[in-house]
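Q: What follows is a structure written as structure tokens; I'll ask about it next.
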Amino acid sequence: MKKKWLVHLLAVLLFGLLVACGGGEESGGDNTGSESSNENGTEETAGNGDGEQKRHAFVFKNTGNPYGEKIMEGFETAIDETGGEAILRSPDQPTVEGQIQIIEELIAQQVDSISVSANDYDGLQPVLTKAMNQGIKVLSADSAVNGDSRTVHINQADPEAIGRTLVQAVAEMMENEGQFAILSATSQASNQNLWIEWMETELESEEYADIELVEVAYGDDLRDKSVSETEALLQSYPDLKAIVAPTTVGIAAASKVITDKELQGEVLVTGLGLPSEMAEYISNGVSPWMYLWNPLDVGYLTGNAANALVEEEITGEVGETFEAGELEGEFEVTESDDGVEILLGDPFKFDPDNIDKWKDIY
Amino acid sequence: MVTRTIENSQPFSWKRLFLQWEWMLVLLIIAIFMMNSSISPYFLNYTSVTDATMTFLDKAFIVFPMVMIMLMREIDISVGSTVALSSVVMATAYNAGLPMILALVLCLVVGALCGFLNGFLLVKYRELSAVIVTLSTMILYRGIAYMILEDQSAGDFPTWFSFFGWGYIGTIPFILILFIALAILFVLIQQKTVFGRQIYAIGSNPTAARFAGVKVDRIKLIVFTLAGVMAAITAIFLTARMGSTRPNVANMYELDVIAMVALGGISTAGGKGRMLGAILAVFVIGYLQYGLGLINIPAQALLVIIGLLLIISVTITNLRVKKRK
């Protein structure tokens, strides 16, 4: 009989705990969102009319991705500068399902804009259409959604320039001869696929006649999978001379495998990587040099574009320009494959000469 | 020696009603609603509360057969992969020219076959445990899905198909109506039919059930096939929601479903727990996730909270079972 009461007691405790949590969260909601939500926590509940603080959300592919953290940091900086509130969300797995659920929650909160770095090019179309129908401005950044699902896309750099630059780099490293492989993110990642297409286009040129792309492997932007895919590449192609990883997770994983197996100089790694993660491998020669844009700037530009859309400085028509806070110059809305986009700039080269300066920045 | 009676027609008592786990779950749902409305101004309105169900009910269809499976002391961890495979087959068949209606039927057939294979292996080779059998098929089904689509996505479904994921009948989401209808059906099957009671009998003591003339193998085959069919229904709703599909959809759905069933008070030792508990647990987890999402808590914190909720609830249900010894 006593145990029955124990069960009841536990039930009441659990109930009380939940309600207490509710009360606690209400007064201290700052620990969950961005810092700026704290100061204006009470005002938000009043409504969403003009003059209210604008709320801009960013949804990245998944949590625990340092590159994504930097984009969101830049986004938050830009939103803070405009006096708005930044909401930063990511699912725990890099799935479309997870992003749909988060976007639904953002729609229910009646945010002013949603920027998304998509896990699939088409899979978010229904939920983003729903958002746009409710007057929410929708942008994609870094990893695009299709043209019908967004107003504008913020592109890190010209995909053509990235693809061609990577092939030119790997060709130089391999002295124009031998086999190389690509280690990509997920097979649906729209930006990686576009870059790989441009790499293949560049490879058709005659000067690369002696270079062979043996395989495109997919590490899904997961560290362990990228490691095992790299190991599989080394197993399958004993003559492999280089790995090009157009993803920050992939290039770090590949460099680590090469370092651990002491294959420095035999298999070279290049691609797109974070300076802080790659400094070690650029110094030890595993990766002679690599490229990236500044993810902080990508996020910063996205935040400014989101604000410009919400404030109706731009509407997403080709030819419109706007200024993005501290970034130099004006940014123009240009036409892309199936929509419009805003380009950040050219990829930036990191080599042993400049890596020490950048590794502490991001 | 543990002896258990099969609950069937005990006299009604208010006291027992309020000591039931299901009642606790109702209290939990009320608590979560109170919490959600106090932490977010966007929770407590009709659209928000009904639209939320569209975000978590897709996987909940698998909860029904999973309750039956776990009542029989078995488990099925291949359901997530079954969702992926049936979804991928449906999309591929449609893109290859099959009319959408037939593609939907094909989706259900593929799901049923996947479930049947699980059940068949289990009754054919009784010495194999369900974890191992369904672990193998989990890998197998996912692998086939990858072979079919080869890391690509498929879609371009007809417009009406999106109704499954986004449609309303009146102002109620279609998925909620179907879920409630099936929930009533499954509660009746589980608690009121001979079939349902035989499942309890198998869970309480498989050997005794077999000697008592319960067709254990046949029931297991039916229930596992049902799990496949429900996974296919999940596939239809999930695919409609995304408008396209890939071989890696429904990743870890099996764990979400098992978590809901466990929170629903179904004992992993078999024979204990009710369908209604698991159905309520779907809403407990669903609304908890949604409410915390509305205040934008990080995904990792959400995992911690749901993990804690599970530990607490499993501990309490365990206390309950001990009490009856």
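Ligands are numbered from 1 in the order shown, chains are lettered A, B, ... in the order of the structure tokens, and residues start at 1 in each chain.
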What are the residues of chain B lining chain A at 6 Å or less? Count only C-alpha atoms, and put the answer as a list in words.
A: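 Per the criterion, chain B yields Met35, Ile39, Tyr42, Thr55, Asp151, Met242, Gly243, Ser244, Leu294, Ile297 and Ala299 of chain B.
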Q: How would the residues just picked look written out with N, CA and C atoms as a JSON list (two decimals), in the first residue's frame?
A:
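Result file is out34.json:
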```
[["chain", "number", "residue", "atom", "x", "y", "z"],
["B", 35, "MET", "N", 2.53, 24.48, -18.91],
["B", 35, "MET", "CA", 3.90, 24.98, -19.06],
["B", 35, "MET", "C", 4.05, 25.71, -20.39],
["B", 39, "ILE", "N", 5.16, 29.57, -21.01],
["B", 39, "ILE", "CA", 6.47, 29.97, -21.55],
["B", 39, "ILE", "C", 6.37, 30.61, -22.92],
["B", 42, "TYR", "N", 2.66, 31.96, -28.00],
["B", 42, "TYR", "CA", 2.20, 31.47, -29.30],
["B", 42, "TYR", "C", 1.62, 30.07, -29.23],
["B", 55, "THR", "N", 3.28, 17.89, -36.90],
["B", 55, "THR", "CA", 4.73, 17.73, -36.84],
["B", 55, "THR", "C", 5.16, 16.45, -36.14],
["B", 151, "ASP", "N", 21.66, 7.50, -53.33],
["B", 151, "ASP", "CA", 22.02, 8.80, -52.77],
["B", 151, "ASP", "C", 21.34, 10.00, -53.43],
["B", 242, "MET", "N", 7.27, 16.23, -47.04],
["B", 242, "MET", "CA", 8.51, 16.74, -47.61],
["B", 242, "MET", "C", 8.37, 17.01, -49.10],
["B", 243, "GLY", "N", 7.39, 16.37, -49.73],
["B", 243, "GLY", "CA", 7.23, 16.55, -51.16],
["B", 243, "GLY", "C", 8.27, 15.81, -51.98],
["B", 244, "SER", "N", 9.21, 15.17, -51.29],
["B", 244, "SER", "CA", 10.21, 14.36, -51.97],
["B", 244, "SER", "C", 10.79, 13.42, -50.93],
["B", 294, "LEU", "N", 8.99, 26.16, -29.27],
["B", 294, "LEU", "CA", 8.45, 27.52, -29.40],
["B", 294, "LEU", "C", 9.29, 28.54, -28.64],
["B", 297, "ILE", "N", 14.56, 26.34, -27.58],
["B", 297, "ILE", "CA", 15.66, 25.78, -26.81],
["B", 297, "ILE", "C", 16.52, 24.92, -27.75],
["B", 299, "ALA", "N", 18.59, 22.00, -29.60],
["B", 299, "ALA", "CA", 18.20, 20.61, -29.82],
["B", 299, "ALA", "C", 18.80, 19.67, -28.77]]
```
Q: At a cut-off of 12 Å, can you tabulate as a Markdown table every residue of region 129-187 of chain A near region 272-283 of chain A together with its closest atom pair and the distance in Å to one decimal, using only C-alpha atoms and ordering rows by chain then number?
A:
```
| residue | atom | partner | partner_atom | distance |
| --- | --- | --- | --- | --- |
| A:Gln156 | CA | A:Leu272 | CA | 11.7 |
| A:Ala157 | CA | A:Leu272 | CA | 11.9 |
| A:Ile162 | CA | A:Leu272 | CA | 9.2 |
| A:Gly163 | CA | A:Leu272 | CA | 10.7 |
| A:Thr165 | CA | A:Leu272 | CA | 10.8 |
| A:Leu166 | CA | A:Leu272 | CA | 8.7 |
| A:Ala169 | CA | A:Leu272 | CA | 11.5 |
| A:Ile182 | CA | A:Leu272 | CA | 11.6 |
| A:Leu183 | CA | A:Leu272 | CA | 10.9 |
| A:Ser184 | CA | A:Leu272 | CA | 10.3 |
| A:Ala185 | CA | A:Leu272 | CA | 11.4 |
```
Q: Residues near Ala269 (chain B), anyone? I mean within 9 Å using only C-alpha atoms, not counting same-chain ones fewer than 4 positions away, as a ChimeraX atom specification.
A: /B:70-74,203-204
Q: Quick one, how far is CA of Val267 (chain A) from CA of Pro288 (chain A)?
A: 10.8 Å
Q: Could you find all residues in region 32-253 of chain B that DSSP calls helix (DSSP H, G or I) from the backbone, and write them as an NGL selection string?
A: :B and (32-39 or 46-56 or 58-71 or 79-95 or 100-124 or 130-149 or 159-166 or 174-192 or 194-204 or 206-211 or 216-242 or 253)
Q: From the set B:Val79, B:Val187, B:Ile69, B:Ala96, which residue has the shortest atom-to-atom contact distance to Ala250 (chain B), counting only C-alpha atoms?
A: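 Ranking B:Val79, B:Val187, B:Ile69, B:Ala96 by distance to Ala250 (chain B), first place goes to B:Val79.
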Q: Identify, on the basis of only C-alpha atoms, every residue whose closest approach to region 61-64 of chain B does not exceed 8 Å; exclude the query and any residue fewer than 5 positions from it along the same chain; express the result as a list in words.
A: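 What passes the distance filter is Val79, Phe179, Ala183, Phe186, Ala227, Met230, Ala231, Ile233, Thr234, Val257, Ile258, Met260, Val261, Met275, Ala278 and Ile279 of chain B.
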Q: Please, could you write that set of residues out with N, CA and C atoms as a PDB file, in the first residue's frame?
A:
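Produced file out_39.pdb, reproduced below:
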```
ATOM      1  N   VAL B  79      11.644  -0.581 -38.034  1.00  0.00           N
ATOM      2  CA  VAL B  79      10.536   0.204 -38.590  1.00  0.00           C
ATOM      3  C   VAL B  79      10.995   1.489 -39.297  1.00  0.00           C
ATOM      4  N   PHE B 179      -5.415   9.487 -37.173  1.00  0.00           N
ATOM      5  CA  PHE B 179      -4.741   8.945 -35.994  1.00  0.00           C
ATOM      6  C   PHE B 179      -5.758   8.596 -34.910  1.00  0.00           C
ATOM      7  N   ALA B 183      -6.550   5.059 -33.468  1.00  0.00           N
ATOM      8  CA  ALA B 183      -6.304   4.885 -32.035  1.00  0.00           C
ATOM      9  C   ALA B 183      -7.491   4.181 -31.382  1.00  0.00           C
ATOM     10  N   PHE B 186      -7.499   0.535 -32.460  1.00  0.00           N
ATOM     11  CA  PHE B 186      -6.470  -0.282 -31.830  1.00  0.00           C
ATOM     12  C   PHE B 186      -6.734  -0.482 -30.334  1.00  0.00           C
ATOM     13  N   ALA B 227       3.039  -3.976 -38.168  1.00  0.00           N
ATOM     14  CA  ALA B 227       4.060  -2.949 -37.912  1.00  0.00           C
ATOM     15  C   ALA B 227       4.603  -2.425 -39.240  1.00  0.00           C
ATOM     16  N   MET B 230       1.952  -0.155 -40.853  1.00  0.00           N
ATOM     17  CA  MET B 230       1.894   1.153 -40.189  1.00  0.00           C
ATOM     18  C   MET B 230       3.127   1.992 -40.534  1.00  0.00           C
ATOM     19  N   ALA B 231       4.270   1.337 -40.680  1.00  0.00           N
ATOM     20  CA  ALA B 231       5.475   2.056 -41.100  1.00  0.00           C
ATOM     21  C   ALA B 231       5.254   2.642 -42.491  1.00  0.00           C
ATOM     22  N   ILE B 233       2.365   3.554 -43.722  1.00  0.00           N
ATOM     23  CA  ILE B 233       1.467   4.712 -43.567  1.00  0.00           C
ATOM     24  C   ILE B 233       2.276   5.925 -43.117  1.00  0.00           C
ATOM     25  N   THR B 234       3.188   5.700 -42.180  1.00  0.00           N
ATOM     26  CA  THR B 234       4.095   6.770 -41.771  1.00  0.00           C
ATOM     27  C   THR B 234       4.865   7.297 -42.977  1.00  0.00           C
ATOM     28  N   VAL B 257       9.755   5.907 -31.528  1.00  0.00           N
ATOM     29  CA  VAL B 257       8.537   5.118 -31.309  1.00  0.00           C
ATOM     30  C   VAL B 257       8.658   4.290 -30.033  1.00  0.00           C
ATOM     31  N   ILE B 258       9.804   3.638 -29.855  1.00  0.00           N
ATOM     32  CA  ILE B 258       9.986   2.809 -28.656  1.00  0.00           C
ATOM     33  C   ILE B 258       9.936   3.691 -27.403  1.00  0.00           C
ATOM     34  N   MET B 260       8.162   6.386 -27.038  1.00  0.00           N
ATOM     35  CA  MET B 260       6.752   6.694 -26.777  1.00  0.00           C
ATOM     36  C   MET B 260       6.067   5.510 -26.103  1.00  0.00           C
ATOM     37  N   VAL B 261       6.361   4.303 -26.597  1.00  0.00           N
ATOM     38  CA  VAL B 261       5.717   3.110 -26.032  1.00  0.00           C
ATOM     39  C   VAL B 261       6.162   2.912 -24.580  1.00  0.00           C
ATOM     40  N   MET B 275      -2.688   0.028 -24.491  1.00  0.00           N
ATOM     41  CA  MET B 275      -2.605   0.802 -25.724  1.00  0.00           C
ATOM     42  C   MET B 275      -2.828   2.299 -25.465  1.00  0.00           C
ATOM     43  N   ALA B 278       0.232   4.371 -24.377  1.00  0.00           N
ATOM     44  CA  ALA B 278       1.179   4.727 -25.431  1.00  0.00           C
ATOM     45  C   ALA B 278       0.625   5.854 -26.297  1.00  0.00           C
ATOM     46  N   ILE B 279      -0.694   5.808 -26.535  1.00  0.00           N
ATOM     47  CA  ILE B 279      -1.301   6.861 -27.353  1.00  0.00           C
ATOM     48  C   ILE B 279      -1.181   8.213 -26.650  1.00  0.00           C
TER      49      ILE B 279
END
```
Q: Work out how far CA of Ala131 (chain A) is from CA of Asn294 (chain A), in Å to one decimal.
A: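 Value for the CA of Asn294 (chain A)-CA of Ala131 (chain A) distance: 28.9 Å.
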Q: Which neighbours of Ala201 (chain B) fall inside 10 Å, counting only C-alpha atoms, when residues of the same chain fewer than 2 positions from it are skipped, and could you give them as an mmCIF file with C-alpha atoms, in the first residue's frame?
A:
```
data_model
loop_
_atom_site.group_PDB
_atom_site.id
_atom_site.type_symbol
_atom_site.label_atom_id
_atom_site.label_comp_id
_atom_site.auth_asym_id
_atom_site.auth_seq_id
_atom_site.Cartn_x
_atom_site.Cartn_y
_atom_site.Cartn_z
ATOM 1 C CA ARG B 4 -0.026 -12.476 -13.101
ATOM 2 C CA THR B 5 -3.650 -12.330 -13.952
ATOM 3 C CA ILE B 6 -4.863 -11.093 -17.270
ATOM 4 C CA LEU B 71 3.529 -6.579 -24.926
ATOM 5 C CA MET B 72 4.687 -9.898 -26.427
ATOM 6 C CA PHE B 195 -6.800 -11.352 -30.258
ATOM 7 C CA GLY B 196 -5.800 -8.549 -27.893
ATOM 8 C CA ARG B 197 -6.049 -10.742 -24.805
ATOM 9 C CA GLN B 198 -3.997 -13.448 -26.474
ATOM 10 C CA ILE B 199 -1.245 -10.861 -26.964
ATOM 11 C CA GLY B 203 3.609 -11.560 -23.079
ATOM 12 C CA SER B 204 2.843 -12.904 -19.623
ATOM 13 C CA ASN B 205 4.076 -16.390 -20.420
ATOM 14 C CA PRO B 206 4.765 -17.465 -23.998
ATOM 15 C CA THR B 207 5.114 -21.144 -23.174
ATOM 16 C CA ALA B 208 1.918 -21.295 -21.186
ATOM 17 C CA ALA B 209 0.118 -19.402 -23.923
ATOM 18 C CA ARG B 210 1.331 -21.890 -26.495
ATOM 19 C CA ALA B 212 -3.142 -23.120 -23.774
ATOM 20 C CA VAL B 214 -2.930 -19.670 -28.397
ATOM 21 C CA VAL B 216 1.541 -17.712 -30.958
ATOM 22 C CA GLY B 270 5.956 -8.076 -21.595
ATOM 23 C CA GLY B 271 2.315 -8.449 -20.719
#
```
Q: Restricting the calculation to only C-alpha atoms, which member of B:Thr134, B:Thr245, B:Ser38, B:Thr239 is positioned closest to Gly165 (chain B)?
A: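 Between B:Thr134, B:Thr245, B:Ser38, B:Thr239, the residue approaching Gly165 (chain B) most closely is B:Thr239.
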Q: Select from region 76-322 of chain A everything DSSP, run on the backbone, classes as strand (DSSP E), then give the selection as a PyMOL selection string.
A: chain A and resi 85-89+113-116+137-141+152-155+178-184+211-218+240-245+268-271+290-292+321-322
Q: Atoms to include: C-alpha atoms. Write the selected residues as a compact mmCIF listing (two decimals), in the first residue's frame.
A:
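out35.txt, freshly written:
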```txt
# COMPACT_ATOMS: atom_id res chain seq x y z
CA GLU A 85 16.24 39.60 -32.15
CA ALA A 86 18.08 36.62 -33.61
CA ILE A 87 16.69 33.12 -33.10
CA LEU A 88 19.21 30.37 -33.85
CA ARG A 89 17.95 26.82 -34.35
CA SER A 113 12.13 36.17 -41.40
CA ILE A 114 13.49 32.65 -41.67
CA SER A 115 16.92 31.96 -43.16
CA VAL A 116 17.76 28.33 -43.72
CA LYS A 137 10.41 36.48 -45.53
CA VAL A 138 12.31 33.33 -46.49
CA LEU A 139 15.99 33.22 -47.41
CA SER A 140 18.36 30.35 -47.91
CA ALA A 141 22.01 30.76 -47.07
CA VAL A 152 16.67 35.08 -52.20
CA HIS A 153 19.64 32.80 -51.68
CA ILE A 154 22.83 34.05 -50.06
CA ASN A 155 25.70 32.39 -51.87
CA GLY A 178 47.39 10.88 -61.31
CA GLN A 179 44.22 9.90 -59.48
CA PHE A 180 42.23 11.96 -57.03
CA ALA A 181 38.93 11.52 -55.20
CA ILE A 182 36.30 13.88 -53.83
CA LEU A 183 35.00 13.56 -50.27
CA SER A 184 31.73 15.45 -50.15
CA ILE A 211 44.18 13.52 -64.16
CA GLU A 212 41.49 11.07 -63.17
CA LEU A 213 38.64 11.66 -60.73
CA VAL A 214 38.14 8.13 -59.40
CA GLU A 215 35.24 8.53 -56.98
CA VAL A 216 32.95 10.95 -55.22
CA ALA A 217 32.51 9.66 -51.66
CA TYR A 218 29.94 11.00 -49.21
CA LEU A 240 45.50 7.97 -54.91
CA LYS A 241 47.47 11.22 -54.96
CA ALA A 242 44.96 13.69 -53.60
CA ILE A 243 41.61 14.11 -51.88
CA VAL A 244 39.47 17.19 -52.48
CA ALA A 245 36.91 17.76 -49.75
CA LEU A 268 47.54 15.54 -50.42
CA VAL A 269 44.36 17.09 -49.12
CA THR A 270 42.71 20.29 -50.24
CA GLY A 271 39.23 21.71 -50.44
CA MET A 290 42.95 25.22 -49.00
CA TYR A 291 40.13 27.66 -49.55
CA LEU A 292 37.14 29.13 -47.79
CA THR A 321 21.28 46.71 -54.20
CA PHE A 322 21.75 47.17 -50.49
```
